[in-house]
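What's in work22.pdb: PDB, C-alpha atoms, pLDDT in the B column
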MODEL        1
ATOM      1  CA  MET A   1    -102.962  -8.470 -23.804  1.00 38.00           C
ATOM      2  CA  GLU A   2    -103.885  -7.413 -20.299  1.00 41.00           C
ATOM      3  CA  LYS A   3    -104.013  -9.748 -17.367  1.00 45.00           C
ATOM      4  CA  SER A   4    -107.200  -9.821 -15.295  1.00 44.00           C
ATOM      5  CA  GLN A   5    -106.774  -7.937 -12.015  1.00 48.00           C
ATOM      6  CA  LYS A   6    -109.630  -9.610 -10.141  1.00 53.00           C
ATOM      7  CA  SER A   7    -108.755 -11.292  -6.863  1.00 54.00           C
ATOM      8  CA  ILE A   8    -110.721 -13.278  -4.299  1.00 56.00           C
ATOM      9  CA  SER A   9    -111.313 -10.048  -2.364  1.00 63.00           C
ATOM     10  CA  PHE A  10    -113.326  -8.891  -5.377  1.00 64.00           C
ATOM     11  CA  TYR A  11    -116.059 -11.303  -4.242  1.00 66.00           C
ATOM     12  CA  ALA A  12    -116.164 -10.063  -0.618  1.00 71.00           C
ATOM     13  CA  LYS A  13    -119.682  -8.660  -1.099  1.00 72.00           C
ATOM     14  CA  GLY A  14    -120.849 -12.145  -1.972  1.00 74.00           C
ATOM     15  CA  PHE A  15    -119.540 -13.489   1.341  1.00 76.00           C
ATOM     16  CA  ILE A  16    -121.334 -10.679   3.152  1.00 83.00           C
ATOM     17  CA  LEU A  17    -124.563 -11.609   1.343  1.00 84.00           C
ATOM     18  CA  ILE A  18    -124.206 -15.229   2.493  1.00 82.00           C
ATOM     19  CA  ALA A  19    -123.806 -14.021   6.096  1.00 84.00           C
ATOM     20  CA  ILE A  20    -126.882 -11.796   5.760  1.00 88.00           C
ATOM     21  CA  ILE A  21    -128.952 -14.707   4.418  1.00 87.00           C
ATOM     22  CA  LEU A  22    -127.921 -16.869   7.383  1.00 85.00           C
ATOM     23  CA  LEU A  23    -128.781 -14.038   9.782  1.00 89.00           C
ATOM     24  CA  ILE A  24    -132.222 -13.581   8.214  1.00 90.00           C
ATOM     25  CA  TRP A  25    -132.766 -17.329   8.426  1.00 86.00           C
ATOM     26  CA  GLU A  26    -131.813 -17.302  12.116  1.00 85.00           C
ATOM     27  CA  LEU A  27    -134.116 -14.397  12.976  1.00 90.00           C
ATOM     28  CA  ALA A  28    -137.010 -15.721  10.899  1.00 87.00           C
ATOM     29  CA  VAL A  29    -136.957 -19.006  12.826  1.00 83.00           C
ATOM     30  CA  ARG A  30    -136.489 -17.323  16.195  1.00 85.00           C
ATOM     31  CA  TRP A  31    -139.461 -15.013  15.529  1.00 88.00           C
ATOM     32  CA  GLU A  32    -141.461 -18.049  14.304  1.00 80.00           C
ATOM     33  CA  TYR A  33    -141.973 -16.817  10.774  1.00 85.00           C
ATOM     34  CA  ILE A  34    -140.477 -20.136   9.687  1.00 81.00           C
ATOM     35  CA  PRO A  35    -141.249 -23.369  11.578  1.00 84.00           C
ATOM     36  CA  GLU A  36    -138.180 -24.803  13.274  1.00 79.00           C
ATOM     37  CA  LEU A  37    -139.353 -28.318  12.477  1.00 79.00           C
ATOM     38  CA  VAL A  38    -138.615 -27.545   8.837  1.00 79.00           C
ATOM     39  CA  PHE A  39    -135.674 -25.128   9.093  1.00 83.00           C
ATOM     40  CA  PRO A  40    -133.659 -25.438  12.304  1.00 87.00           C
ATOM     41  CA  ARG A  41    -131.818 -22.281  13.333  1.00 87.00           C
ATOM     42  CA  PRO A  42    -128.324 -21.863  11.835  1.00 86.00           C
ATOM     43  CA  SER A  43    -126.984 -21.450  15.381  1.00 88.00           C
ATOM     44  CA  LYS A  44    -128.265 -24.939  16.288  1.00 88.00           C
ATOM     45  CA  VAL A  45    -126.916 -26.305  13.017  1.00 89.00           C
ATOM     46  CA  LEU A  46    -123.476 -24.908  13.833  1.00 90.00           C
ATOM     47  CA  ILE A  47    -123.590 -26.279  17.374  1.00 91.00           C
ATOM     48  CA  LYS A  48    -124.381 -29.698  15.933  1.00 90.00           C
ATOM     49  CA  GLY A  49    -121.585 -29.200  13.417  1.00 91.00           C
ATOM     50  CA  PHE A  50    -119.036 -28.566  16.153  1.00 92.00           C
ATOM     51  CA  SER A  51    -119.864 -31.961  17.618  1.00 91.00           C
ATOM     52  CA  LEU A  52    -119.759 -33.639  14.200  1.00 92.00           C
ATOM     53  CA  ILE A  53    -116.286 -32.383  13.344  1.00 92.00           C
ATOM     54  CA  THR A  54    -114.909 -34.254  16.353  1.00 92.00           C
ATOM     55  CA  THR A  55    -115.986 -37.610  14.889  1.00 92.00           C
ATOM     56  CA  LYS A  56    -114.075 -39.855  12.499  1.00 92.00           C
ATOM     57  CA  ASP A  57    -117.191 -40.464  10.396  1.00 92.00           C
ATOM     58  CA  PHE A  58    -117.366 -36.786   9.465  1.00 94.00           C
ATOM     59  CA  TYR A  59    -113.883 -36.769   7.960  1.00 94.00           C
ATOM     60  CA  LYS A  60    -114.471 -40.134   6.335  1.00 94.00           C
ATOM     61  CA  ASN A  61    -117.535 -38.698   4.582  1.00 93.00           C
ATOM     62  CA  ILE A  62    -115.677 -35.595   3.447  1.00 95.00           C
ATOM     63  CA  PHE A  63    -112.679 -37.576   2.226  1.00 95.00           C
ATOM     64  CA  LEU A  64    -114.777 -40.043   0.213  1.00 93.00           C
ATOM     65  CA  THR A  65    -116.739 -37.302  -1.542  1.00 94.00           C
ATOM     66  CA  LEU A  66    -113.590 -35.325  -2.355  1.00 95.00           C
ATOM     67  CA  PHE A  67    -111.868 -38.505  -3.548  1.00 94.00           C
ATOM     68  CA  ASN A  68    -114.732 -39.363  -5.909  1.00 92.00           C
ATOM     69  CA  TRP A  69    -114.821 -35.751  -7.107  1.00 94.00           C
ATOM     70  CA  PHE A  70    -111.075 -35.546  -7.724  1.00 95.00           C
ATOM     71  CA  ILE A  71    -110.834 -38.845  -9.633  1.00 95.00           C
ATOM     72  CA  ALA A  72    -113.908 -38.025 -11.727  1.00 93.00           C
ATOM     73  CA  LEU A  73    -112.751 -34.472 -12.464  1.00 93.00           C
ATOM     74  CA  ILE A  74    -109.170 -35.341 -13.462  1.00 93.00           C
ATOM     75  CA  THR A  75    -110.289 -38.284 -15.608  1.00 94.00           C
ATOM     76  CA  GLY A  76    -113.148 -36.317 -17.174  1.00 92.00           C
ATOM     77  CA  LEU A  77    -110.899 -33.337 -17.937  1.00 90.00           C
ATOM     78  CA  THR A  78    -108.312 -35.629 -19.509  1.00 90.00           C
ATOM     79  CA  ILE A  79    -110.836 -37.445 -21.696  1.00 90.00           C
ATOM     80  CA  GLY A  80    -112.594 -34.234 -22.696  1.00 87.00           C
ATOM     81  CA  LEU A  81    -109.260 -32.572 -23.457  1.00 87.00           C
ATOM     82  CA  ILE A  82    -108.012 -35.425 -25.640  1.00 88.00           C
ATOM     83  CA  ILE A  83    -111.248 -35.845 -27.590  1.00 87.00           C
ATOM     84  CA  GLY A  84    -111.762 -32.092 -27.891  1.00 84.00           C
ATOM     85  CA  PHE A  85    -108.201 -31.481 -29.071  1.00 85.00           C
ATOM     86  CA  THR A  86    -108.438 -34.277 -31.639  1.00 86.00           C
ATOM     87  CA  SER A  87    -111.715 -33.018 -33.073  1.00 84.00           C
ATOM     88  CA  GLY A  88    -110.448 -29.434 -33.036  1.00 81.00           C
ATOM     89  CA  ILE A  89    -107.481 -30.157 -35.286  1.00 81.00           C
ATOM     90  CA  ASN A  90    -109.185 -32.729 -37.523  1.00 79.00           C
ATOM     91  CA  LYS A  91    -112.443 -31.854 -39.249  1.00 75.00           C
ATOM     92  CA  LYS A  92    -113.146 -35.454 -40.225  1.00 75.00           C
ATOM     93  CA  ILE A  93    -113.031 -36.579 -36.596  1.00 76.00           C
ATOM     94  CA  GLU A  94    -115.133 -33.570 -35.609  1.00 73.00           C
ATOM     95  CA  GLN A  95    -117.880 -34.774 -37.973  1.00 74.00           C
ATOM     96  CA  PHE A  96    -118.165 -37.975 -35.941  1.00 76.00           C
ATOM     97  CA  ILE A  97    -117.660 -36.517 -32.479  1.00 77.00           C
ATOM     98  CA  LEU A  98    -119.972 -33.474 -32.538  1.00 73.00           C
ATOM     99  CA  PRO A  99    -123.290 -35.388 -32.935  1.00 75.00           C
ATOM    100  CA  ILE A 100    -122.313 -37.786 -30.146  1.00 76.00           C
ATOM    101  CA  SER A 101    -121.263 -34.859 -27.961  1.00 73.00           C
ATOM    102  CA  ALA A 102    -124.546 -33.021 -28.557  1.00 73.00           C
ATOM    103  CA  PHE A 103    -126.463 -36.204 -27.745  1.00 76.00           C
ATOM    104  CA  ALA A 104    -124.482 -36.777 -24.513  1.00 72.00           C
ATOM    105  CA  ARG A 105    -124.891 -33.160 -23.377  1.00 71.00           C
ATOM    106  CA  SER A 106    -128.673 -33.579 -23.577  1.00 76.00           C
ATOM    107  CA  ILE A 107    -128.569 -36.327 -20.937  1.00 76.00           C
ATOM    108  CA  PRO A 108    -127.695 -35.126 -17.412  1.00 74.00           C
ATOM    109  CA  PRO A 109    -125.220 -37.555 -15.819  1.00 72.00           C
ATOM    110  CA  ILE A 110    -127.442 -37.661 -12.730  1.00 73.00           C
ATOM    111  CA  ALA A 111    -130.205 -39.156 -14.890  1.00 76.00           C
ATOM    112  CA  LEU A 112    -127.917 -42.143 -15.524  1.00 77.00           C
ATOM    113  CA  PHE A 113    -127.645 -43.068 -11.852  1.00 76.00           C
ATOM    114  CA  PRO A 114    -130.605 -45.507 -11.873  1.00 76.00           C
ATOM    115  CA  ALA A 115    -129.083 -47.386 -14.824  1.00 79.00           C
ATOM    116  CA  PHE A 116    -125.611 -47.325 -13.261  1.00 77.00           C
ATOM    117  CA  LEU A 117    -127.079 -48.608  -9.997  1.00 75.00           C
ATOM    118  CA  ILE A 118    -128.581 -51.605 -11.804  1.00 77.00           C
ATOM    119  CA  ILE A 119    -125.450 -52.314 -13.850  1.00 79.00           C
ATOM    120  CA  PHE A 120    -122.711 -51.684 -11.275  1.00 77.00           C
ATOM    121  CA  GLY A 121    -124.588 -51.726  -7.964  1.00 73.00           C
ATOM    122  CA  PRO A 122    -124.162 -49.190  -5.140  1.00 72.00           C
ATOM    123  CA  GLY A 123    -120.765 -47.739  -4.380  1.00 75.00           C
ATOM    124  CA  GLY A 124    -118.286 -45.194  -5.613  1.00 78.00           C
ATOM    125  CA  PHE A 125    -117.657 -46.512  -9.131  1.00 85.00           C
ATOM    126  CA  PRO A 126    -120.974 -45.462 -10.735  1.00 86.00           C
ATOM    127  CA  ILE A 127    -120.677 -42.072  -9.023  1.00 88.00           C
ATOM    128  CA  ILE A 128    -117.178 -41.562 -10.425  1.00 89.00           C
ATOM    129  CA  LEU A 129    -118.329 -42.758 -13.843  1.00 89.00           C
ATOM    130  CA  ALA A 130    -121.157 -40.218 -13.942  1.00 87.00           C
ATOM    131  CA  GLY A 131    -118.760 -37.492 -12.807  1.00 89.00           C
ATOM    132  CA  ILE A 132    -116.292 -38.415 -15.545  1.00 90.00           C
ATOM    133  CA  LEU A 133    -119.055 -38.126 -18.121  1.00 88.00           C
ATOM    134  CA  GLY A 134    -120.121 -34.740 -16.750  1.00 85.00           C
ATOM    135  CA  GLY A 135    -116.580 -33.366 -16.691  1.00 87.00           C
ATOM    136  CA  ALA A 136    -115.772 -34.593 -20.193  1.00 88.00           C
ATOM    137  CA  ILE A 137    -118.979 -33.114 -21.608  1.00 84.00           C
ATOM    138  CA  TYR A 138    -118.175 -29.678 -20.204  1.00 82.00           C
ATOM    139  CA  VAL A 139    -114.512 -29.688 -21.253  1.00 85.00           C
ATOM    140  CA  PHE A 140    -114.855 -31.157 -24.751  1.00 84.00           C
ATOM    141  CA  PRO A 141    -116.255 -28.080 -26.569  1.00 83.00           C
ATOM    142  CA  ILE A 142    -113.764 -25.767 -24.834  1.00 83.00           C
ATOM    143  CA  ALA A 143    -110.815 -27.933 -25.867  1.00 85.00           C
ATOM    144  CA  SER A 144    -112.151 -28.345 -29.388  1.00 84.00           C
ATOM    145  CA  GLN A 145    -112.676 -24.625 -29.943  1.00 82.00           C
ATOM    146  CA  SER A 146    -109.325 -23.745 -28.363  1.00 83.00           C
ATOM    147  CA  ALA A 147    -107.409 -26.245 -30.519  1.00 84.00           C
ATOM    148  CA  GLU A 148    -109.116 -25.042 -33.685  1.00 83.00           C
ATOM    149  CA  ALA A 149    -108.567 -21.354 -32.833  1.00 81.00           C
ATOM    150  CA  SER A 150    -104.907 -21.891 -31.904  1.00 81.00           C
ATOM    151  CA  LYS A 151    -104.261 -23.821 -35.088  1.00 79.00           C
ATOM    152  CA  GLU A 152    -105.703 -21.039 -37.259  1.00 79.00           C
ATOM    153  CA  LYS A 153    -104.254 -18.143 -35.249  1.00 80.00           C
ATOM    154  CA  PHE A 154    -100.645 -19.334 -35.140  1.00 78.00           C
ATOM    155  CA  GLN A 155    -100.413 -21.050 -38.521  1.00 76.00           C
ATOM    156  CA  ASP A 156     -98.467 -18.160 -40.042  1.00 75.00           C
ATOM    157  CA  LEU A 157     -96.137 -18.045 -37.028  1.00 72.00           C
ATOM    158  CA  SER A 158     -95.258 -21.704 -37.482  1.00 74.00           C
ATOM    159  CA  ILE A 159     -94.306 -21.001 -41.098  1.00 75.00           C
ATOM    160  CA  ILE A 160     -92.078 -18.101 -40.042  1.00 76.00           C
ATOM    161  CA  LEU A 161     -90.396 -20.291 -37.404  1.00 75.00           C
ATOM    162  CA  ASN A 162     -90.113 -23.108 -39.939  1.00 77.00           C
ATOM    163  CA  PHE A 163     -91.859 -25.563 -37.619  1.00 79.00           C
ATOM    164  CA  SER A 164     -92.782 -29.000 -38.827  1.00 78.00           C
ATOM    165  CA  LYS A 165     -96.378 -30.081 -38.274  1.00 77.00           C
ATOM    166  CA  PHE A 166     -95.324 -32.078 -35.210  1.00 75.00           C
ATOM    167  CA  GLU A 167     -93.362 -29.144 -33.763  1.00 77.00           C
ATOM    168  CA  PHE A 168     -96.289 -26.811 -34.418  1.00 75.00           C
ATOM    169  CA  MET A 169     -98.658 -29.067 -32.488  1.00 79.00           C
ATOM    170  CA  LYS A 170     -96.183 -29.795 -29.699  1.00 77.00           C
ATOM    171  CA  ASN A 171     -94.926 -26.254 -29.077  1.00 79.00           C
ATOM    172  CA  ILE A 172     -97.980 -24.119 -29.840  1.00 81.00           C
ATOM    173  CA  VAL A 173    -101.353 -25.824 -30.277  1.00 81.00           C
ATOM    174  CA  ILE A 174    -101.143 -28.383 -27.461  1.00 81.00           C
ATOM    175  CA  PRO A 175     -99.928 -25.906 -24.757  1.00 81.00           C
ATOM    176  CA  ALA A 176    -102.521 -23.314 -25.825  1.00 79.00           C
ATOM    177  CA  THR A 177    -105.313 -25.890 -25.715  1.00 81.00           C
ATOM    178  CA  LEU A 178    -104.154 -27.282 -22.370  1.00 80.00           C
ATOM    179  CA  ILE A 179    -103.973 -23.867 -20.691  1.00 77.00           C
ATOM    180  CA  SER A 180    -107.306 -22.737 -22.114  1.00 77.00           C
ATOM    181  CA  THR A 181    -109.008 -25.947 -20.980  1.00 77.00           C
ATOM    182  CA  ILE A 182    -107.640 -25.809 -17.427  1.00 76.00           C
ATOM    183  CA  VAL A 183    -108.476 -22.132 -17.079  1.00 71.00           C
ATOM    184  CA  SER A 184    -112.016 -22.731 -18.349  1.00 72.00           C
ATOM    185  CA  SER A 185    -112.696 -25.837 -16.233  1.00 82.00           C
ATOM    186  CA  ARG A 186    -114.207 -23.900 -13.302  1.00 81.00           C
ATOM    187  CA  ILE A 187    -117.806 -24.844 -14.142  1.00 83.00           C
ATOM    188  CA  ALA A 188    -116.823 -28.461 -14.743  1.00 87.00           C
ATOM    189  CA  ALA A 189    -115.187 -28.673 -11.301  1.00 90.00           C
ATOM    190  CA  SER A 190    -118.308 -27.372  -9.536  1.00 88.00           C
ATOM    191  CA  TYR A 191    -120.598 -29.520 -11.641  1.00 88.00           C
ATOM    192  CA  VAL A 192    -118.681 -32.738 -10.983  1.00 91.00           C
ATOM    193  CA  PHE A 193    -118.717 -31.945  -7.254  1.00 93.00           C
ATOM    194  CA  ALA A 194    -122.522 -31.618  -7.373  1.00 90.00           C
ATOM    195  CA  VAL A 195    -122.751 -34.881  -9.333  1.00 89.00           C
ATOM    196  CA  ALA A 196    -120.659 -36.656  -6.677  1.00 90.00           C
ATOM    197  CA  ILE A 197    -122.948 -35.537  -3.850  1.00 92.00           C
ATOM    198  CA  GLY A 198    -126.094 -36.209  -5.863  1.00 88.00           C
ATOM    199  CA  GLY A 199    -124.849 -39.679  -6.689  1.00 87.00           C
ATOM    200  CA  GLU A 200    -124.234 -40.472  -3.037  1.00 88.00           C
ATOM    201  CA  ILE A 201    -127.819 -39.450  -2.259  1.00 87.00           C
ATOM    202  CA  ILE A 202    -129.446 -41.318  -5.164  1.00 82.00           C
ATOM    203  CA  ILE A 203    -127.283 -44.429  -5.322  1.00 77.00           C
ATOM    204  CA  GLY A 204    -126.744 -44.627  -1.621  1.00 64.00           C
ATOM    205  CA  GLY A 205    -123.890 -45.965   0.391  1.00 65.00           C
ATOM    206  CA  SER A 206    -122.488 -45.918   3.878  1.00 72.00           C
ATOM    207  CA  ASN A 207    -120.161 -42.927   3.466  1.00 84.00           C
ATOM    208  CA  GLY A 208    -119.916 -39.602   1.670  1.00 91.00           C
ATOM    209  CA  ILE A 209    -121.522 -36.180   2.161  1.00 93.00           C
ATOM    210  CA  GLY A 210    -124.577 -37.144   0.125  1.00 92.00           C
ATOM    211  CA  ALA A 211    -124.988 -40.412   2.015  1.00 91.00           C
ATOM    212  CA  ALA A 212    -124.707 -38.542   5.338  1.00 92.00           C
ATOM    213  CA  ILE A 213    -127.368 -36.020   4.241  1.00 93.00           C
ATOM    214  CA  PHE A 214    -129.705 -38.805   3.163  1.00 90.00           C
ATOM    215  CA  GLU A 215    -129.205 -40.836   6.347  1.00 90.00           C
ATOM    216  CA  ALA A 216    -129.645 -37.823   8.638  1.00 90.00           C
ATOM    217  CA  SER A 217    -132.799 -36.759   6.764  1.00 88.00           C
ATOM    218  CA  GLU A 218    -134.276 -40.244   7.061  1.00 87.00           C
ATOM    219  CA  LYS A 219    -133.687 -40.205  10.816  1.00 87.00           C
ATOM    220  CA  TYR A 220    -135.005 -36.629  11.013  1.00 87.00           C
ATOM    221  CA  HIS A 221    -131.719 -35.353  12.391  1.00 90.00           C
ATOM    222  CA  LEU A 222    -132.233 -32.030  10.662  1.00 89.00           C
ATOM    223  CA  GLU A 223    -129.393 -30.123  12.308  1.00 91.00           C
ATOM    224  CA  GLU A 224    -126.949 -32.780  11.127  1.00 93.00           C
ATOM    225  CA  ALA A 225    -128.418 -32.880   7.626  1.00 92.00           C
ATOM    226  CA  TYR A 226    -128.326 -29.092   7.276  1.00 92.00           C
ATOM    227  CA  PHE A 227    -124.772 -28.889   8.572  1.00 94.00           C
ATOM    228  CA  TYR A 228    -123.625 -31.338   5.909  1.00 94.00           C
ATOM    229  CA  ILE A 229    -125.544 -29.311   3.308  1.00 92.00           C
ATOM    230  CA  LEU A 230    -123.935 -26.061   4.472  1.00 90.00           C
ATOM    231  CA  PHE A 231    -120.514 -27.699   4.622  1.00 93.00           C
ATOM    232  CA  ALA A 232    -120.987 -29.055   1.097  1.00 94.00           C
ATOM    233  CA  GLY A 233    -121.819 -25.528  -0.015  1.00 90.00           C
ATOM    234  CA  MET A 234    -118.670 -24.190   1.614  1.00 89.00           C
ATOM    235  CA  LEU A 235    -116.579 -26.892  -0.051  1.00 93.00           C
ATOM    236  CA  GLY A 236    -118.170 -26.054  -3.398  1.00 90.00           C
ATOM    237  CA  LEU A 237    -117.405 -22.379  -2.789  1.00 87.00           C
ATOM    238  CA  PHE A 238    -113.791 -23.231  -1.926  1.00 89.00           C
ATOM    239  CA  ILE A 239    -113.447 -25.276  -5.122  1.00 89.00           C
ATOM    240  CA  ASP A 240    -114.908 -22.426  -7.137  1.00 85.00           C
ATOM    241  CA  LEU A 241    -112.498 -19.931  -5.571  1.00 84.00           C
ATOM    242  CA  ILE A 242    -109.531 -22.185  -6.346  1.00 85.00           C
ATOM    243  CA  PHE A 243    -110.455 -22.285 -10.015  1.00 82.00           C
ATOM    244  CA  THR A 244    -111.252 -18.558  -9.934  1.00 78.00           C
ATOM    245  CA  THR A 245    -107.697 -17.979  -8.739  1.00 78.00           C
ATOM    246  CA  ILE A 246    -106.397 -20.147 -11.591  1.00 75.00           C
ATOM    247  CA  GLN A 247    -108.460 -18.123 -14.058  1.00 69.00           C
ATOM    248  CA  ASN A 248    -107.207 -14.830 -12.624  1.00 70.00           C
ATOM    249  CA  ASN A 249    -103.586 -15.956 -12.803  1.00 69.00           C
ATOM    250  CA  TYR A 250    -103.601 -17.417 -16.297  1.00 62.00           C
ATOM    251  CA  SER A 251    -106.427 -15.822 -18.277  1.00 54.00           C
ATOM    252  CA  TYR A 252    -105.827 -12.798 -20.442  1.00 48.00           C
ATOM    253  CA  LYS A 253    -108.021 -10.268 -22.175  1.00 44.00           C
ATOM    254  CA  GLY A 254    -107.585 -10.099 -25.893  1.00 42.00           C
TER     255      GLY A 254
ENDMDL
END

What would the structure in this file look like if it were written as structure tokens?
Amino acid sequence: MEKSQKSISFYAKGFILIAIILLIWELAVRWEYIPELVFPRPSKVLIKGFSLITTKDFYKNIFLTLFNWFIALITGLTIGLIIGFTSGINKKIEQFILPISAFARSIPPIALFPAFLIIFGPGGFPIILAGILGGAIYVFPIASQSAEASKEKFQDLSIILNFSKFEFMKNIVIPATLISTIVSSRIAASYVFAVAIGGEIIIGGSNGIGAAIFEASEKYHLEEAYFYILFAGMLGLFIDLIFTTIQNNYSYKG
């Protein structure tokens, strides 16, 4: 097996493209191809951002969103991993879990926000709950397939090593499933982050990136709203790069 040689520098052209898009946006507004009342210039957005990052509210918003994201992601990954592993090694359990999983995947967690708002009220709990559901849905099939594949692939090895069933699961199947799930959780991490911000916008609240975007938009403070949007994008990119690094370090080509 050969380890992937991709590094973050591999995606440098993508960063250049982002810079070009921002430059085109800036020039298009300056030359009045795009009305500034709709799209303020990135330079003004950044100037506003420099003033925002000196306030406590800015960091409070960032911290709350990242907190909701982290709790939802870790809990969702854990639940998805446990259920997926169980169904992957037991066909009888898989018969019960797969229909429920397919049903849940058809319902975007964001669509549950109105119901969660009625049941739990505004706040972080319904946002975390929706994120947990989203993370578990993404991780479950990966864990299930990995557990099933590991069980079949290394069955003969366990016989050679004279492993008991418990030792086989503990030393081979569980580690293989865990590593495969973590390595493949990149999409889940980005998705749960988007769910957290979307929940703050839809459900509302006094803090969080989504709440700040919604409040600034309502007050027509466009530079502030766009800075939070751009900052959210940069955070999402940073999260994606972290999980890309994990993939590059632990994934192998068969």

As a check of understanding, name the residues that the PyMOL selection byres ((chain A and resi 242) around 12) selects in the supplied structure, as a ChimeraX atom specification. /A:7-8,182-183,185-187,189-190,235-241,243-249

Please provide as a count of residues only all residues within 12 Å of A:Leu66, with the sequence filter that same-chain residues fewer than 2 positions apart are discarded (counting all atoms listed in the file). 34

Need the shell around stretch 169-181 of chain A: protein/DNA/RNA residues with any atom at most 12 Å away, counting all atoms listed in the file. Skip same-chain ones fewer than 6 positions apart. Format as a ChimeraX atom specification? /A:76-86,88-89,135-136,138-158,161,163,187-189,243,246-247,249-252

Quick one: distance from atom CA of A:Gly49 to atom CA of A:Glu224 in Å, one decimal?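 Atom-to-atom, atom CA of A:Gly49 and atom CA of A:Glu224 are spaced 6.8 Å apart.
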
Around all of stretch 29-46 of chain A's listed atoms, make the axis-aligned box with 3 Å on each side and tell me centre and edge lengths in Å to one decimal, as JSON.
{"center_x": -132.7, "center_y": -21.7, "center_z": 12.6, "size_x": 24.5, "size_y": 19.3, "size_z": 13.5}

Just to confirm, what's the straight-line distance from atom CA of A:Ile119 to atom CA of A:Leu98 in Å (one decimal)?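 About the pair atom CA of A:Ile119 and atom CA of A:Leu98: they are 27.1 Å apart.
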
Please determine, counting all atoms listed in the file, which residue among A:Ile47, A:Leu133, A:Leu52, A:Ile229 has the shortest atom-to-atom distance to A:Phe214.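 Checking each candidate against A:Phe214, we get A:Ile229 as the closest.
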
Expected selection from the PyMOL selection byres ((chain A and resi 216) around 12), given as a ChimeraX atom specification: /A:201,206-207,209-215,217-229

As an exercise, work out the distance from atom CA of A:Arg105 to atom CA of A:Phe231 in Å and give it to one decimal place.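 If I compute the distance from atom CA of A:Arg105 to atom CA of A:Phe231, I get 28.9 Å.
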
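Compared by their closest atoms to A:Ala111, and using all atoms listed in the file, the residues A:Gly199, A:Thr55, A:Ala19, A:Asn90 rank with A:Gly199 nearest.
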
Write out as a PyMOL selection string which residues come within 9 Å of A:Val29 when counting all atoms listed in the file, dropping same-chain ones fewer than 5 positions away. chain A and resi 24+34-36+39-41

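Counting all atoms listed in the file and comparing A:Ile118, A:Ile107, A:Ile21, A:Val45, the residue that lies closest to A:Leu230 is A:Val45.
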
At a cut-off of 12 Å around the point (-127.4, -49.6, -12.4) (file coordinates), what residues fall inside when counting only C-alpha atoms? I'd like the answer as a PyMOL selection string. chain A and resi 110-123+125-127+129-130+199+202-204

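Proximity ranking of A:Thr65, A:Ser164, A:Ile93, A:Lys48 relative to A:Gly198 places A:Thr65 first, based on all atoms listed in the file.
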